[in-house]
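> What follows is a single structure, and I will ask about it in a moment.
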Amino acid sequence: STSTSIVVGLVGAGQLSVHDGIPIIMGANIGTSVTNTIVSMGQSGDRIMLQRAFAGATVHDMFNFLTVLCLLPIEVIIGAIQGEGGPLYWITKGFTEVAMDSGSKGDNPLKDKSPTKIITSPLAKVVISNNKYIINALSLGAPAAFSATSVNTTA
């Protein structure tokens, strides 16, 4: 979002500390929850699509709320104890030091070394290797069965 980009720019320029930027970024994540719920209402013309859009928005909302509910208190409490920052601060500081200290200017030492990709790729290969049409059919649910009441006749 725009506010996240502004905060990242302010931290990069040294106008805002990482310690102060983390709660702002978490607040921006909560703000996207309002936005996606409003966008899901755009499907109000089709009841089934509205149901799916609203369900997706609700899952996104709960993920954001629970993440902030779990991580923000840990960040604040440990940051208050240590005086500098909590776990998120130290993780971002570590990634930044690795990225900035290795290689020459313009190199990306983290290229092709995404920890998320390393963790999720084995599971993704198993899921995606299955037939995508079966997955699509399962997501739509079983079609409603009905019996014909009349037979077409030709003259």
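Letters for chains follow the order of the structure tokens (A, B, ...), residue numbers begin at 1 for each chain, and ligand numbers begin at 1 in the order shown.
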Please identify which residues in chain A DSSP calls alpha helix (DSSP H) from the backbone, and express them as a PyMOL selection string.
chain A and resi 2-12+18-40+47-82+87-101+115-128+132-140
> Hey, which of A:Ile48, A:Ala137, A:Val127, A:Ile22 ends up closest to Val76 (chain A)? Count only C-alpha atoms.
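Nearest to Val76 (chain A): A:Ile22.
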> Let me make sure I understand: among A:Ala13, A:Glu84, A:Ser44, A:Thr2, which one has the smallest atom-to-atom distance to Ile25 (chain A) if we use only C-alpha atoms?
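Using only C-alpha atoms, Ile25 (chain A) sits closest to A:Thr2.
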> Which residue, A:Asn136, A:His19, A:Ile30, A:Asn36, has the smallest gap to Gln82 (chain A) when you use only C-alpha atoms?
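Once distances to Gln82 (chain A) are computed over only C-alpha atoms, the minimum belongs to A:His19.
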> So, with only C-alpha atoms as the atoms that count, which of A:Arg52, A:Lys117, A:Asp61, A:Arg47 lies closest to Val34 (chain A)?
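Going through A:Arg52, A:Lys117, A:Asp61, A:Arg47 one by one, the smallest distance to Val34 (chain A) is for A:Asp61.
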> Using only C-alpha atoms, which residues sit within 9 Å of region 8-10 of chain A once same-chain residues fewer than 6 positions away are excluded, as a PDB file with C-alpha atoms, in the first residue's frame?

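The new file part.pdb reads:
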```
ATOM      1  CA  LEU A  16      12.016   7.178  10.963  1.00  0.00           C
ATOM      2  CA  SER A  17      13.545   4.370  12.985  1.00  0.00           C
ATOM      3  CA  VAL A  18      12.802   0.716  12.230  1.00  0.00           C
ATOM      4  CA  GLY A  21       8.119   1.864  11.670  1.00  0.00           C
ATOM      5  CA  ILE A  25       3.377  -1.157   9.022  1.00  0.00           C
TER       6      ILE A  25
END
```
